Structures are given as C-alpha cells and as structure tokens.
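Okay, structure first, notes after.
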Number of protein chains: 4
Amino acid sequence: MKKTPLEKLREKEKKARQKLLVDAAERVFAAKPFPKVSMRDISGESGVSLSSIYRYFPDQESLFLAALVRGAKKAEKVLIPLVEKEDILPEDVAEAFVDFLVENDPYFRMMTHFMLDGVLNEESILILNRIEGRLLDQFEKMFKRLTPLENSRMQAHAFFAALNGVLITYRNYPGREIPHVHQHMKQLARNLAAMFVRPGPGGKPVL
Amino acid sequence: MKKTPLEKLREKEKKARQKLLVDAAERVFAAKPFPKVSMRDISGESGVSLSSIYRYFPDQESLFLAALVRGAKKAEKVLIPLVEKEDILPEDVAEAFVDFLVENDPYFRMMTHFMLDGVLNEESILILNRIEGRLLDQFEKMFKRLTPLENSRMQAHAFFAALNGVLITYRNYPGREIPHVHQHMKQLARNLAAMFVRPGPGGKPVL
Amino acid sequence: MKKTPLEKLREKEKKARQKLLVDAAERVFAAKPFPKVSMRDISGESGVSLSSIYRYFPDQESLFLAALVRGAKKAEKVLIPLVEKEDILPEDVAEAFVDFLVENDPYFRMMTHFMLDGVLNEESILILNRIEGRLLDQFEKMFKRLTPLENSRMQAHAFFAALNGVLITYRNYPGREIPHVHQHMKQLARNLAAMFVRPGPGGKPVL
Amino acid sequence: MKKTPLEKLREKEKKARQKLLVDAAERVFAAKPFPKVSMRDISGESGVSLSSIYRYFPDQESLFLAALVRGAKKAEKVLIPLVEKEDILPEDVAEAFVDFLVENDPYFRMMTHFMLDGVLNEESILILNRIEGRLLDQFEKMFKRLTPLENSRMQAHAFFAALNGVLITYRNYPGREIPHVHQHMKQLARNLAAMFVRPGPGGKPVL
DNA sequence: TATGAATGAGCTTTCATTCAT
DNA sequence: AATGAATGAAAGCTCATTCAT
C-alpha cells in the first residue's frame, strides 16, 4: 500500500494536469453558457489534447464537477475568513457575498446549473455539503452573537437562501446597465440582511 | 379582414396543437434536464411528427419560449389572485409561492435556465417582465398595507428574490426525503416572510 | 371526344393557373440560385397554396420544366424576329443574343442547369429542340446569305455554341463591375461573330 | 517551428485522406447531378465516416471547392503543356480541350455549377483565376505567334469562351449517341478554332 | 504517457409530396 | 377545386467518447 517516490511524483503530475484542465474549463465557462461548453473547447483552451483529457477525468461530468468543487472551494476561501471576523455585520457579509458571486459569475452559473439539472455523485455532494455547512456555520455564529434568542441555524439557512435569490433573480435583469443592476442587488442584499438583526416587538424572537 | 367561421376554427385548432406541443414539452422538461430536451423528445411525447412541429413553431427557441411564457402565465394565474386577498399575510403568500413552484418544478427550472443562459427575444422579455411586474405590484400592495412606513417596492423585490432563493437553494437538497425538504423550504419561506412585517426598534422602518 | 363548353372553360382556367405558377417560378428563379428554389417559395410567390400546385403540375420537375420551356419560348420570340431581318449582321445578332440573356439571366441559368443536370422528358426535349432548331435555322439562313460557300449549318451550330460560351464564361467574372463585364461579353461576342463572315485566304471557305 | 518526421508523416497522411475524399467526391459527382451530392454520399463512397469527413474539411463547401480546385489543376496540368508546344495549332488545342473536358465531365459540370450559382471564397477564386489566367496566357502566346497583328488577349478570351460554349451546348445533345455527339463537338471546336487564324481580307486584323 | 484519428449517435431544420376535408 | 395539415426522408453538422500507436 505504500507509495514509491515515483508513484508520488506521478500522482502529483496528475493533479497538476487536472488543475490545468479545470483552469481551462473555468475560462471557457466564463465565455459561454454552461450547456454550450464542449470537451473540445476545454481541450483547445487548455492545450491538452481531447483524448488526453480522459486520462485525467473519466468523463465530461467529472471534469465539470471538479470545476464546480473548485469554485465552491474558492468561494469558501474568500467568504469564510470574511465571516469569521468577530464584529462583522450581516449587511457587510451580504454585500461581500454578492460582490464575490457577481465577480465570479461563472461559478455562480455553474453552481446553479448543478443545483437545477446536475447529477452529482456522492463525493461531490459531500464536498459541497461540507463547504456549504461551514458557510452556514459562520452565518450561524454571527447570528448567535447578534440575536442570541433566535434560531440561529434557521437564520443562517434563510440568509444563505435569500442571498442566492437576489443573485439569481436580478443578475440578468434586462434593460438595465450592469453596474446599476449590481448596485441594486447589493442594496437588496443589505436590506434583507438588516432584517435579520432587527428585534421583533418587545424583543421577542421571530424565527 | 373579417374572419370566417372556418378561419376561426382553423385558428383554434392551431392554438390547440400549439398547446398540445407545449403540454408535451412540459412533460419532457419534467423528466430530464432542460438542456437535454430535444425536438425529437417533444415529437415523441406529443405524437406530433418531428417535421410537423415546425408548422406550429418556427424553431426550437420559439417552442421553449412558449413553454416558459405559459409557465409564467400559470404562475401569474395562481399567485396573483392569492396575493390580491385583502388580508393576506406574507407568510401565507410565501408558502403558496413555494408550494406552487415546488409542484411545478419544470417551470421553475425553465425560468431559472432562461435567467442564467437564456437568450430571450424582446417579446418574451416583455411578457415575463409584465408578469413579474404584476406580481411585484401585488407584493407591494400587501406591504403597503402592512408596513406603510417602509419602502414597499424595495420590500417587494427583496421578498421575491428571497423566495426564489429558498427554492433554488433547497429544492435539490441532497440526502433528505422530498416531503421533508419541501417542509423545510416552506418553513424558511415563512420565516423570511415574517421578517418583512416585523417593526424595527421603536417602529422605525428599516428598508 | 368533343369538349363541352364547360370543359373548355376548365381547361382555360387550368392554363391560367399554370401560367400564374410559372410566372411566380420565374420571379423566384431570378432571386436565388436554381438549386435553392423550393416549392414553398413558389407557393409563397404565387399565392397558390403548396398543395394546389400539384393540381397543375404533377411534380416539381414538371413545373421547373414548364418554366424552362417558357423561357425558351420567350427567347425564341425575341430572337427569331431579330434574326429574320433580311440584312442583319452576325455581330448585331450576337449582341442582341447576349443582351437578351444577360437581361434574362434566370432563363439562362435555368437552361444551363437543365443542360448540365436536368432530366428532361421527351416532350420537353422536343419543344426545346424545335426552338433551338428554329434559332439555328435563322442563323443558318443568315450565314447562307453572307457566306454562301460555307457549311451554313455548321456555322450556325458554332455560332450558337460560341455565344453560349461567352455568356457562361464571363457572366460571373469576379472582381469586375457588372456593366463592365457586360460590355466585355458583348465585345467578345461581336468579335466572335465577325470571324464567321471573314473570308478565308482567296475567299476559300473554311468550315 | 521545424517539423519532426512524425509531424511530416501526419501531414502526409492528412493530405492522403483529403485526396481520398476528393477522389470519392469526384466519383459521386460523376454519378449524379452536383446539387444532389450529399456529405453522406461521399462518406459512403469513400468509406470515411460522415463525421470524420469534418476532420479533413471544415464544411461541405470546402470539400466541394477542393474538388473544383483539383479539377482545375488537373486541367491545367493536361492543357498547359499541350498548348506550350511551339508549333501547336488552335484546332489541335481545341480538340484536346474538348477531349479533356468530355472525359472529365464531372469537372466541367462542377465548374459550370460554380460559375452559375457558386459562392466561391476569395482563396478559391484566386486559385481558379490563376489557372484560367495561365491557360489564357498560353492561348495568347499561340495567337501572338500565329496572328501577330491581332489583339491576342481578346482572341484568347474568345477562344476560351467558344470552347466552353461548345461543351455546354452539345454535351447533352439529346437523341444522339455519345460518341457521335463527342465527334460533333470536336468538329465544331476545330472549326471555331480555325476561324481564329484565318486572315481577314488583305490580311487585315479583325479583333 | 500522450494524442491523432475515428466514429456512432444525435442534433435542428428543410423538403417534396400526400391526403382529408 | 382548393388547401391546411401532416410527414418520411434527408440534409449539414456536432459531440462525447474510444482506440491504435
């Protein structure tokens, strides 16, 4: 079971190729709608020959899934530290969340695609769940601090959902200029966030 | 320019065939991911021969768009009356909204697809906008009644976005049983809705 | 066997419809390459419904053939009188020939198409042959008058072929402006025509 | 930038496949009218699978164009040496020209098709023009030698056009046996050719 | 290991023609 | 007599995947 140095090297190189391919996939996803991305596109963008891709990913789905997982990990890396700050406010988290996913639109589209149509394998589900869980954990911690009497887990879920909703609903808002739309989304997100920390009548928790 | 009875009949039959095709499209959309639905699928499902489809829709896009528009109209027909009730509460609207889109999952996926990748023509955009506008109008009216001091339009937008977010985020929640997930979504939606009518400290409006 | 007045009327109406369809076909041929013309095009252009066309022509080929025959007849009507003039010169005939077929490009394309790929039925062949024959007769008569010692029939054939050749070879001459090309064709045709009436050395006939 | 032997081999094989496909195309063109030839036909005739054809030619037009260009090059290879002979006579050139294009009827039909309806890209136009130009150059040289006082370029153009005309006009002459028709065409071509070198009255040039 | 080559299955769309009314 | 409706067949082309080298 022990790996020889050569095997280790091979594995490392394999990972490097996989990274390279996911890099290329990302760039392609940024350029055209998800369902129109072909393996040839990725081959062209990566410089890896079409057939060689299949040495690193058993099929198209796996590669796309890998890109999704990586997007999620990047989101995690950006968002978790932000939310970990002791005195952060929901409004600021909300704005950062929107900012990140607007600027990383391909990730957002990818994720939404998988949420809608994707057939995820167990491993991917686990990875995504873990990330989502950690994100929700941070949200929960924040809400626990700010509204200790509420059901923080529920708040975290609602918060996460609401932000996703703002993004999906208004990212393609027709007839408006992009910066304006972006501004609108941030405002909506901040407003929604603010509602979470507003005490009910008599300070009674609501959720 | 007046139409003969025969012409009227013909028109009616044409509409009937179009309906039949959109019906079939819906069923297919329910059965497989949107981007994988082919004209052949719809031909098979409808019993209308592949080439005949083109008698009723000039191309694939038109047919898909028609299905989308119909979904939106159906949503309108169900949701607007509900929200029009004088004394309706956001929580109940939220639940109905979620119920409807869970039960009409193909519509929801379709709409999300078009929101993400879709290239809509101007007419469709107009139709969808009008429906969304009317929905937002109703939401606004409700909020005006319940929280007259807030920015009701903003509330309506946030409400709409948040509900969409609940649906997109949790509709495929893995590892849970469907009725349970459905229940969770409704709870989240209700909670979010409740927040909109909770007065800020001292009754100060927040939005 | 005798025809009733009603039958006669019917026949007349049938002819009228056929004419109408061939009219439309001509217009369509003028607008797009021959192989791209469809029955639907002709239906649209004529106002006659697609299926009704088949009442007047058994199939596409027949209709196209009818258009061809009519083109030939029109050419005959224009060219024969011209060539019948007692004192006409080959150069002028050549120029008129080119002029006519440049201005009636669809006919020319149609004829060439049938010459190349067409499957003509016996009747059409007969009609076309008769017309071509009459044209050649006129050419022959002209040459008999002008060069009585030569083989006039051969001259007529060569003359006809040469003119066709000028048209086919230079009508799409790339990179030149159309009027200029037209001028070039006419010059070539005149030059070729002139050669037919130039006596050989010592007045010896050549052909 | 230097090519490895392997790359050279690959290139050679690619060319070989392209040749194979053009070969097949030619055979198909010989068997049915140009506009009816499909990619599937060529796939069947060549043994190369339909989709593989697109490895060697980006689309149908390219393949057809390649066939056309090859036809033109073959014509060039056969005709130019012939015409280059010092003491060749127009009659013999004419006969060879007719012979070649009768024996290579698919080429002739192809070229005529492109002359009539074809949409050629710039590169193909250039190639064809160069070949036609070289052919005309040879004709011109011949005429310069034989009739130094005439406008040789004009003679060359007229000669070329006239020969094409003979081919197009009589290649499908109905009701005659093929060898007989062929004979007739050659006779016509010779006669026309002879006229070019017959001096005008008093040796005056005509063209 | 890497990849050029190959392909079956599939896609949307068009067409000439038939048929019920 | 006229035509709307219907369709089988075929078109050009793309794609994910496999395989020989």
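Convention: chains lettered A, B, ... in structure tokens order; per-chain residue numbering from 1; ligands numbered from 1 as shown.
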
**Report entry** Shell around range 1-16 of chain F at 10 Å using only C-alpha atoms (C1' of nucleotides), local window under 3 positions removed, as an MDAnalysis selection string
**Finding:** (chainID A and resid 38:40 59:60) or (chainID B and resid 10 14 48:53 55) or (chainID C and resid 48:53 55) or (chainID D and resid 38:40 50:51 54 58:60) or (chainID E and resid 9:21)

Query raised in the report: Asp23 in chain B: which residues within 10 Å, counting only C-alpha atoms (C1' of nucleotides), same-chain residues fewer than 6 positions away excluded, as a PyMOL selection string?
Result: chain B and resi 17+29+42+45-46+67+70

Those same residues, written as a PDB file, in the first residue's frame with C-alpha atoms?
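Contents of again_21.pdb, as written:
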```pdb
ATOM      1  CA  ARG B  17     -51.876  21.987 -31.472  1.00  0.00           C
ATOM      2  CA  PHE B  29     -38.961  19.140 -19.160  1.00  0.00           C
ATOM      3  CA  ILE B  42     -41.180  16.530 -27.815  1.00  0.00           C
ATOM      4  CA  GLU B  45     -44.090  12.796 -26.276  1.00  0.00           C
ATOM      5  CA  SER B  46     -46.689  14.742 -28.232  1.00  0.00           C
ATOM      6  CA  ALA B  67     -43.451  26.888 -22.654  1.00  0.00           C
ATOM      7  CA  ARG B  70     -47.038  29.639 -20.318  1.00  0.00           C
TER       8      ARG B  70
END
```

Can you list every residue in range 15-126 of chain B that DSSP puts in alpha helix (DSSP H), as a PDB file with C-alpha atoms, in the first residue's frame?
```pdb
ATOM      1  CA  LYS B  15     -53.781  27.041 -30.955  1.00  0.00           C
ATOM      2  CA  ALA B  16     -54.851  23.609 -29.799  1.00  0.00           C
ATOM      3  CA  ARG B  17     -51.876  21.987 -31.472  1.00  0.00           C
ATOM      4  CA  GLN B  18     -49.553  24.564 -30.044  1.00  0.00           C
ATOM      5  CA  LYS B  19     -50.979  23.888 -26.625  1.00  0.00           C
ATOM      6  CA  LEU B  20     -50.569  20.182 -27.160  1.00  0.00           C
ATOM      7  CA  LEU B  21     -46.937  20.696 -28.044  1.00  0.00           C
ATOM      8  CA  VAL B  22     -46.268  22.908 -25.084  1.00  0.00           C
ATOM      9  CA  ASP B  23     -48.002  20.330 -22.915  1.00  0.00           C
ATOM     10  CA  ALA B  24     -45.668  17.690 -24.230  1.00  0.00           C
ATOM     11  CA  ALA B  25     -42.675  19.945 -23.808  1.00  0.00           C
ATOM     12  CA  GLU B  26     -43.611  20.444 -20.191  1.00  0.00           C
ATOM     13  CA  ARG B  27     -43.794  16.759 -19.568  1.00  0.00           C
ATOM     14  CA  VAL B  28     -40.413  16.277 -21.137  1.00  0.00           C
ATOM     15  CA  PHE B  29     -38.961  19.140 -19.160  1.00  0.00           C
ATOM     16  CA  ALA B  30     -40.257  17.439 -16.072  1.00  0.00           C
ATOM     17  CA  ALA B  31     -38.446  14.273 -16.967  1.00  0.00           C
ATOM     18  CA  MET B  39     -37.260  18.356 -30.566  1.00  0.00           C
ATOM     19  CA  ARG B  40     -37.410  14.612 -31.078  1.00  0.00           C
ATOM     20  CA  ASP B  41     -38.311  14.159 -27.438  1.00  0.00           C
ATOM     21  CA  ILE B  42     -41.180  16.530 -27.815  1.00  0.00           C
ATOM     22  CA  SER B  43     -42.255  14.908 -31.041  1.00  0.00           C
ATOM     23  CA  GLY B  44     -42.277  11.548 -29.324  1.00  0.00           C
ATOM     24  CA  GLU B  45     -44.090  12.796 -26.276  1.00  0.00           C
ATOM     25  CA  SER B  46     -46.689  14.742 -28.232  1.00  0.00           C
ATOM     26  CA  LEU B  50     -40.925  15.996 -35.863  1.00  0.00           C
ATOM     27  CA  SER B  51     -41.397  17.996 -39.011  1.00  0.00           C
ATOM     28  CA  SER B  52     -44.929  18.987 -38.113  1.00  0.00           C
ATOM     29  CA  ILE B  53     -43.716  20.725 -35.017  1.00  0.00           C
ATOM     30  CA  TYR B  54     -42.222  23.310 -37.299  1.00  0.00           C
ATOM     31  CA  ARG B  55     -45.656  24.064 -38.597  1.00  0.00           C
ATOM     32  CA  TYR B  56     -46.572  25.418 -35.184  1.00  0.00           C
ATOM     33  CA  GLN B  60     -36.891  25.276 -31.137  1.00  0.00           C
ATOM     34  CA  GLU B  61     -36.384  28.519 -29.339  1.00  0.00           C
ATOM     35  CA  SER B  62     -39.926  29.630 -30.009  1.00  0.00           C
ATOM     36  CA  LEU B  63     -41.373  26.451 -28.622  1.00  0.00           C
ATOM     37  CA  PHE B  64     -39.260  26.574 -25.495  1.00  0.00           C
ATOM     38  CA  LEU B  65     -40.079  30.210 -25.046  1.00  0.00           C
ATOM     39  CA  ALA B  66     -43.767  29.462 -25.396  1.00  0.00           C
ATOM     40  CA  ALA B  67     -43.451  26.888 -22.654  1.00  0.00           C
ATOM     41  CA  LEU B  68     -41.688  29.406 -20.500  1.00  0.00           C
ATOM     42  CA  VAL B  69     -44.279  32.067 -21.096  1.00  0.00           C
ATOM     43  CA  ARG B  70     -47.038  29.639 -20.318  1.00  0.00           C
ATOM     44  CA  GLY B  71     -45.377  28.672 -17.081  1.00  0.00           C
ATOM     45  CA  ALA B  72     -45.136  32.296 -16.142  1.00  0.00           C
ATOM     46  CA  LYS B  73     -48.771  32.856 -17.017  1.00  0.00           C
ATOM     47  CA  LYS B  74     -49.855  29.905 -14.979  1.00  0.00           C
ATOM     48  CA  ALA B  75     -47.860  31.186 -12.043  1.00  0.00           C
ATOM     49  CA  GLU B  76     -49.492  34.534 -12.511  1.00  0.00           C
ATOM     50  CA  LYS B  77     -52.927  32.994 -12.570  1.00  0.00           C
ATOM     51  CA  VAL B  78     -52.329  31.108  -9.371  1.00  0.00           C
ATOM     52  CA  LEU B  79     -50.340  33.636  -7.447  1.00  0.00           C
ATOM     53  CA  ILE B  80     -51.937  36.956  -8.262  1.00  0.00           C
ATOM     54  CA  PRO B  81     -55.444  36.086  -7.028  1.00  0.00           C
ATOM     55  CA  LEU B  82     -53.922  34.733  -3.889  1.00  0.00           C
ATOM     56  CA  VAL B  83     -51.977  37.871  -3.159  1.00  0.00           C
ATOM     57  CA  GLU B  84     -54.921  40.043  -4.055  1.00  0.00           C
ATOM     58  CA  PRO B  90     -46.682  37.492   3.741  1.00  0.00           C
ATOM     59  CA  GLU B  91     -46.170  34.136   5.381  1.00  0.00           C
ATOM     60  CA  ASP B  92     -49.115  32.656   3.549  1.00  0.00           C
ATOM     61  CA  VAL B  93     -48.076  34.195   0.274  1.00  0.00           C
ATOM     62  CA  ALA B  94     -44.620  32.808   0.748  1.00  0.00           C
ATOM     63  CA  GLU B  95     -45.908  29.354   1.431  1.00  0.00           C
ATOM     64  CA  ALA B  96     -48.211  29.426  -1.573  1.00  0.00           C
ATOM     65  CA  PHE B  97     -45.372  30.641  -3.749  1.00  0.00           C
ATOM     66  CA  VAL B  98     -43.142  27.820  -2.636  1.00  0.00           C
ATOM     67  CA  ASP B  99     -45.926  25.292  -2.940  1.00  0.00           C
ATOM     68  CA  PHE B 100     -46.692  26.315  -6.456  1.00  0.00           C
ATOM     69  CA  LEU B 101     -43.142  26.245  -7.704  1.00  0.00           C
ATOM     70  CA  VAL B 102     -42.360  23.001  -5.994  1.00  0.00           C
ATOM     71  CA  GLU B 103     -45.344  21.416  -7.613  1.00  0.00           C
ATOM     72  CA  ASP B 105     -40.810  22.268 -10.786  1.00  0.00           C
ATOM     73  CA  PRO B 106     -40.303  22.218 -14.572  1.00  0.00           C
ATOM     74  CA  TYR B 107     -41.422  25.831 -14.759  1.00  0.00           C
ATOM     75  CA  PHE B 108     -39.059  26.819 -12.070  1.00  0.00           C
ATOM     76  CA  ARG B 109     -36.127  25.095 -13.744  1.00  0.00           C
ATOM     77  CA  MET B 110     -37.098  26.536 -17.088  1.00  0.00           C
ATOM     78  CA  MET B 111     -37.246  30.047 -15.755  1.00  0.00           C
ATOM     79  CA  THR B 112     -34.006  29.692 -13.931  1.00  0.00           C
ATOM     80  CA  HIS B 113     -32.396  28.350 -17.049  1.00  0.00           C
ATOM     81  CA  PHE B 114     -33.509  31.345 -19.030  1.00  0.00           C
ATOM     82  CA  MET B 115     -32.394  33.629 -16.262  1.00  0.00           C
ATOM     83  CA  LEU B 116     -28.957  32.069 -16.400  1.00  0.00           C
ATOM     84  CA  GLU B 122     -37.858  41.126 -26.865  1.00  0.00           C
ATOM     85  CA  GLU B 123     -41.426  39.939 -26.893  1.00  0.00           C
ATOM     86  CA  SER B 124     -40.799  37.244 -24.335  1.00  0.00           C
ATOM     87  CA  ILE B 125     -38.883  39.604 -22.135  1.00  0.00           C
ATOM     88  CA  LEU B 126     -41.825  41.937 -22.235  1.00  0.00           C
TER      89      LEU B 126
END
```

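The coordinates place CA of Leu163 in chain A at 22.5 Å from CA of His180 in chain B.
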
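Between CA of Lys8 in chain A and CA of Phe57 in chain A the interatomic distance comes to 18.6 Å.
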
Requested in this report: Take CA of Arg153 in chain C and CA of Glu132 in chain C and report the distance between them in Å, one decimal.
Outcome: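 The value is 12.6 Å.
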
Requested in this report: Check every residue of chain A for an atom within 6 Å of chain B, counting only C-alpha atoms, and provide those that qualify as number ranges by chain.
Outcome: A: 33, 117, 158, 161-162, 164-166, 169, 188, 191, 198, 200, 207

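Nearest residue to chain E among B:Glu13, B:Val37, B:Arg130, B:Ala156 is B:Val37, counting only C-alpha atoms (C1' of nucleotides).
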
Requested in this report: Please identify every residue of chain E that has at least one atom no more than 10 Å from any atom of chain D, counting only C-alpha atoms (C1' of nucleotides), and report them as a list in words.
Outcome: DG4, DA5, DA6, DT7 and DG8 of chain E
